[in-house]
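What follows is one structure encoded as structure tokens, with my remarks underneath.
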Amino acid sequence: MLTEGAQTVITLSGDWIACAEGVEAGAPQRILATRTQSLAFDSDRLGRWDSALIVFLSSLRDAAQDAGIAFDPARLPAPAQRLLTLAARPAAAPAAPAVPSVLTRTGLLAIALAAEGIEVSALIGDTVLRSGMALRGRAAMRGGDLIDCMRDAGASALPIVTVVNLLVGGILAFVGAVQLRAFGADIYVASLVGIAVVREMAALMTAIIMSGRTGGAYAASIATMQGNEEIDALEAVGIPVFDYLILPRILALTGMMPILYLYGCAIGIFGGFVVAVATLDLSPIAFIEATRTAVAASQFALGLAKSLAFGALIAIAGCRVGLRAGRSAADVGTAATSAVVASVVGVIALDAVFAVCADALGI
Amino acid sequence: MARDAKLEVEGLTIGFGDTIVQQDVSFTVSAGSIFAIMGGSGCGKSTLLKAMIGLLRPSAGTIRVGEEDYWAASAARRAEIGRGFGVLFQSGALWTSMNAAANVALPLRMLTNLDEKSIAALVAVKLALVGLGAAGETMPADLSGGMRKRAGLARALALDPAILFFDEPSAGLDPISSKRLDDLIRELSSGFGTTVVLVSHELSSLFDICDDGIFLDAETKTVIARGAPATLRDECRHPTVHAFMNRERPPGDLAGDAHERR
């Protein structure tokens, strides 16, 4: 750096390669501290350079402008001058909006929750109305789509439903056997497994499986369609999105869940049966008879009602989350996660409501 | 200026399984030039580009970057050579979970030892160079098509590449945005001395900014003409090339007539 009267001439020498040498972002302050009136350059000894030089020059130029110091780029290499022109300082970004107060944020959250409640209610209402129209053949839903969705939510889910319910039935039998054997009440293992599976576990476990498997898939596929503008395309050509995309999914999962529940009951009881017969002195006939006596039809009815409600909840949550998803790849993942979390929490909360109602009804 | 790089493609054959897309393709891209890969839709331009940037191994032939045979090198060496490449994909291909500044910063964070202050200064300059100085905090979903392309270009420039590859840079842009991007490519190429390889069938862009190029043919599956786009337009007598460069229908093209009659 050479100061000639009011002008400072900065000699640029050597290589200026960003990834190798780093960048001189702090140098402008040191140069301007010399209280010069104008800045000029000598680039005769400048070696290889890339954006490291442009970072230095543009930060020096901006700092010089702020300090009212003249900046003369005339003796810089011509390409560097052109790049310096391109890298003009951007116009000041608009000021960030003020952070709202806690009260405002609480209010906004309440409004958002109320709006979401209205949207979900509208979706439920639409489902009921359009299902009625579909039954009369007046909805735009295609039978083939419904069958595809039913196969996906039903038959394709059987392997995982089998594994989980078989294990749950077996675990219940093991837990019961340890305690009941101490009292010589081995036979009540059958009652324990039967009642627990039919009343609670088959519906609950199947719903949790379907939340992760099918609810998440609904949200992800609909969110992906949002991102690809496929839903916009459906609307643009006049195909009702609800009838075409949402209704078959909700009807399929709501319809398949009771069937999966019944299947889950059979498999869960079978799991308990295998463990009880293998570990306790119980004959198969005694286990079956004890189960038949213990499990009342009202408990099956309760389980069926639960599974129907769980199916509708999972499908509505998955579709709703998918429809309100953003349009980026990250939003698809967020939508799938949100759908699974909302479904699982919703299923357990709904199960608690059912438990209270069943108690009140004496079931 | 920083670095320059020559690119030589010799006897290249590319394809998928038994399907050959292009065969015996040879050309040289001079350091610091803007080189066009031209041709009609489906002729294999983008596939050739994929082979050049390391995404598709060619069935035969060589690609020399500087003095090195790219595909004969080890995977680690190829990755090292690849750091000298910047690629702007057709859609911009921004990582949608991060804002524009984070998109530009990621290669610097992952592949250099620069401190955060230096990275921030470099990111600010790259975004300013493409005219997005005030849009660093903006998420890709909130950027327009042209801005997304420019943010993609800033990201491609992040590591000061010796060679920049563009896949259909003007696709989906209005004429003004397209012209701005062309000027930017020209300015950045001449400013940093970067070699540019550009796949496009946008004639106005090709005539505006390219110094040299090749024309790929879907039928013969090889190069049928070479030279600057403007020269090919004015002087090439090959019927396909002449028709393409002058926006005419080639002689004997009946497909369009049949379609119109229907």
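Residues are referred to by chain and number: the chain letter is A, B, ... according to the order shown in the structure tokens, the number counts from 1 in that chain, and ligands are numbered separately from 1 in the order shown.
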Glu10 of chain B environment, 10 Å, only C-alpha atoms, sequence neighbours closer than 4 positions dropped, as a compact mmCIF listing (two decimals) with N, CA and C atoms, in the first residue's frame:
```txt
# COMPACT_ATOMS: atom_id res chain seq x y z
N ASP B 24 -19.26 -42.58 -31.14
CA ASP B 24 -18.08 -42.00 -31.78
C ASP B 24 -18.14 -40.46 -31.80
N VAL B 25 -18.46 -39.89 -30.66
CA VAL B 25 -18.54 -38.43 -30.57
C VAL B 25 -17.17 -37.89 -30.18
N SER B 26 -16.64 -36.98 -30.98
CA SER B 26 -15.33 -36.37 -30.68
C SER B 26 -15.42 -34.87 -30.86
N PHE B 27 -14.88 -34.14 -29.93
CA PHE B 27 -14.78 -32.68 -30.06
C PHE B 27 -13.84 -32.15 -28.98
N THR B 28 -13.42 -30.92 -29.18
CA THR B 28 -12.53 -30.27 -28.20
C THR B 28 -13.15 -28.94 -27.80
N ALA B 60 -17.78 -46.34 -24.27
CA ALA B 60 -16.45 -46.33 -24.90
C ALA B 60 -16.01 -44.88 -25.08
N GLY B 61 -14.70 -44.71 -25.30
CA GLY B 61 -14.18 -43.38 -25.57
C GLY B 61 -13.63 -42.72 -24.32
N THR B 62 -13.05 -41.54 -24.51
CA THR B 62 -12.42 -40.84 -23.38
C THR B 62 -12.92 -39.40 -23.30
N ILE B 63 -12.90 -38.91 -22.06
CA ILE B 63 -13.15 -37.48 -21.81
C ILE B 63 -11.92 -36.98 -21.06
N ARG B 64 -11.18 -36.08 -21.67
CA ARG B 64 -9.97 -35.57 -21.01
C ARG B 64 -10.25 -34.17 -20.47
```
Report task. May I ask you to extract the residues of chain B within 8 Å of chain A, using only C-alpha atoms, and to give them as a PyMOL selection string? Result -> chain B and resi 1-3+96-97+112-114+117-118+121-122+125-126+128-134+141+159-160+187-188+190-192
Those selected residues, please, written with C-alpha atoms and delivered as a CSV table (one decimal), in the first residue's frame.
```csv
chain,number,residue,atom,x,y,z
B,1,MET,CA,-7.3,-15.1,-13.6
B,2,ALA,CA,-7.8,-18.3,-11.7
B,3,ARG,CA,-7.8,-21.4,-13.8
B,96,THR,CA,-35.6,-26.8,-1.4
B,97,SER,CA,-35.1,-27.2,2.3
B,112,THR,CA,-13.3,-26.4,1.7
B,113,ASN,CA,-11.7,-25.4,5.0
B,114,LEU,CA,-12.8,-21.8,4.8
B,117,LYS,CA,-16.8,-15.4,7.8
B,118,SER,CA,-15.1,-16.1,4.5
B,121,ALA,CA,-18.4,-13.1,2.1
B,122,LEU,CA,-18.1,-15.4,-0.8
B,125,VAL,CA,-20.5,-11.9,-3.7
B,126,LYS,CA,-21.7,-14.9,-5.7
B,128,ALA,CA,-24.5,-10.3,-6.0
B,129,LEU,CA,-22.8,-11.4,-9.2
B,130,VAL,CA,-26.0,-13.1,-10.4
B,131,GLY,CA,-28.2,-10.2,-9.2
B,132,LEU,CA,-29.6,-11.9,-6.2
B,133,GLY,CA,-27.8,-9.9,-3.5
B,134,ALA,CA,-31.0,-9.1,-1.6
B,141,ALA,CA,-40.2,-22.0,-3.4
B,159,LEU,CA,-16.2,-23.3,-5.8
B,160,ASP,CA,-14.9,-21.0,-8.6
B,187,GLU,CA,-19.9,-11.8,-18.4
B,188,LEU,CA,-19.0,-14.6,-15.9
B,190,SER,CA,-15.1,-13.7,-19.7
B,191,GLY,CA,-14.6,-12.3,-16.2
B,192,PHE,CA,-13.4,-15.5,-14.5
```
Query raised in the report: Residues at most 12 Å from segment 288-296 of chain A, counting only C-alpha atoms, excluding those fewer than 3 positions away in the same chain, as a ChimeraX atom specification?
Result: /A:185-199,265-266,269-270,272-274,276-277,282-285,299-303,363
Query raised in the report: In Å, how far is it from atom CA of Leu153 of chain B to atom CA of Ala51 of chain B?
Result: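 Pair atom CA of Leu153 of chain B / atom CA of Ala51 of chain B returns 20.2 Å.
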Let's see if you can do this: from backbone DSSP, list all strand (DSSP E) residues in segment 40-138 of chain B, as a short mmCIF file (atom, residue, chain, number, x, y, z; two decimals) with N, CA and C atoms, in the first residue's frame.
```cif
data_model
loop_
_atom_site.label_atom_id
_atom_site.label_comp_id
_atom_site.auth_asym_id
_atom_site.auth_seq_id
_atom_site.Cartn_x
_atom_site.Cartn_y
_atom_site.Cartn_z
N ALA B 60 -17.78 -46.34 -24.27
CA ALA B 60 -16.45 -46.33 -24.90
C ALA B 60 -16.01 -44.88 -25.08
N GLY B 61 -14.70 -44.71 -25.30
CA GLY B 61 -14.18 -43.38 -25.57
C GLY B 61 -13.63 -42.72 -24.32
N THR B 62 -13.05 -41.54 -24.51
CA THR B 62 -12.42 -40.84 -23.38
C THR B 62 -12.92 -39.40 -23.30
N ILE B 63 -12.90 -38.91 -22.06
CA ILE B 63 -13.15 -37.48 -21.81
C ILE B 63 -11.92 -36.98 -21.06
N ARG B 64 -11.18 -36.08 -21.67
CA ARG B 64 -9.97 -35.57 -21.01
C ARG B 64 -10.25 -34.17 -20.47
N VAL B 65 -10.00 -34.01 -19.17
CA VAL B 65 -10.16 -32.70 -18.53
C VAL B 65 -8.74 -32.20 -18.28
N GLU B 68 -5.99 -34.94 -18.03
CA GLU B 68 -6.37 -36.18 -17.36
C GLU B 68 -7.57 -36.88 -17.99
N ASP B 69 -7.48 -38.21 -18.10
CA ASP B 69 -8.61 -39.00 -18.61
C ASP B 69 -9.60 -39.15 -17.45
N PHE B 85 -15.79 -28.49 -11.58
CA PHE B 85 -16.98 -28.33 -12.43
C PHE B 85 -18.07 -27.58 -11.66
N GLY B 86 -18.79 -26.74 -12.38
CA GLY B 86 -20.01 -26.17 -11.83
C GLY B 86 -21.13 -26.55 -12.79
N VAL B 87 -22.27 -26.95 -12.25
CA VAL B 87 -23.35 -27.41 -13.12
C VAL B 87 -24.64 -26.65 -12.80
N LEU B 88 -25.25 -26.11 -13.83
CA LEU B 88 -26.59 -25.53 -13.65
C LEU B 88 -27.58 -26.44 -14.35
#
```
Query raised in the report: Quick one, how far is atom CA of Gly92 of chain B from atom CA of Leu57 of chain A?
Result: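 Those two atoms sit 28.5 Å apart.
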Report task. List every residue of segment 47-184 of chain B that DSSP, applied to the backbone, labels as alpha helix (DSSP H), and write the result as a PyMOL selection string. Result -> chain B and resi 47-52+75-82+100-111+116-129+145-156+175-184
Query raised in the report: Which of these residues is nearest to Ile53 of chain B, using only C-alpha atoms: B:Phe165, B:Ser144, B:Met110, B:Thr13?
Result: B:Phe165
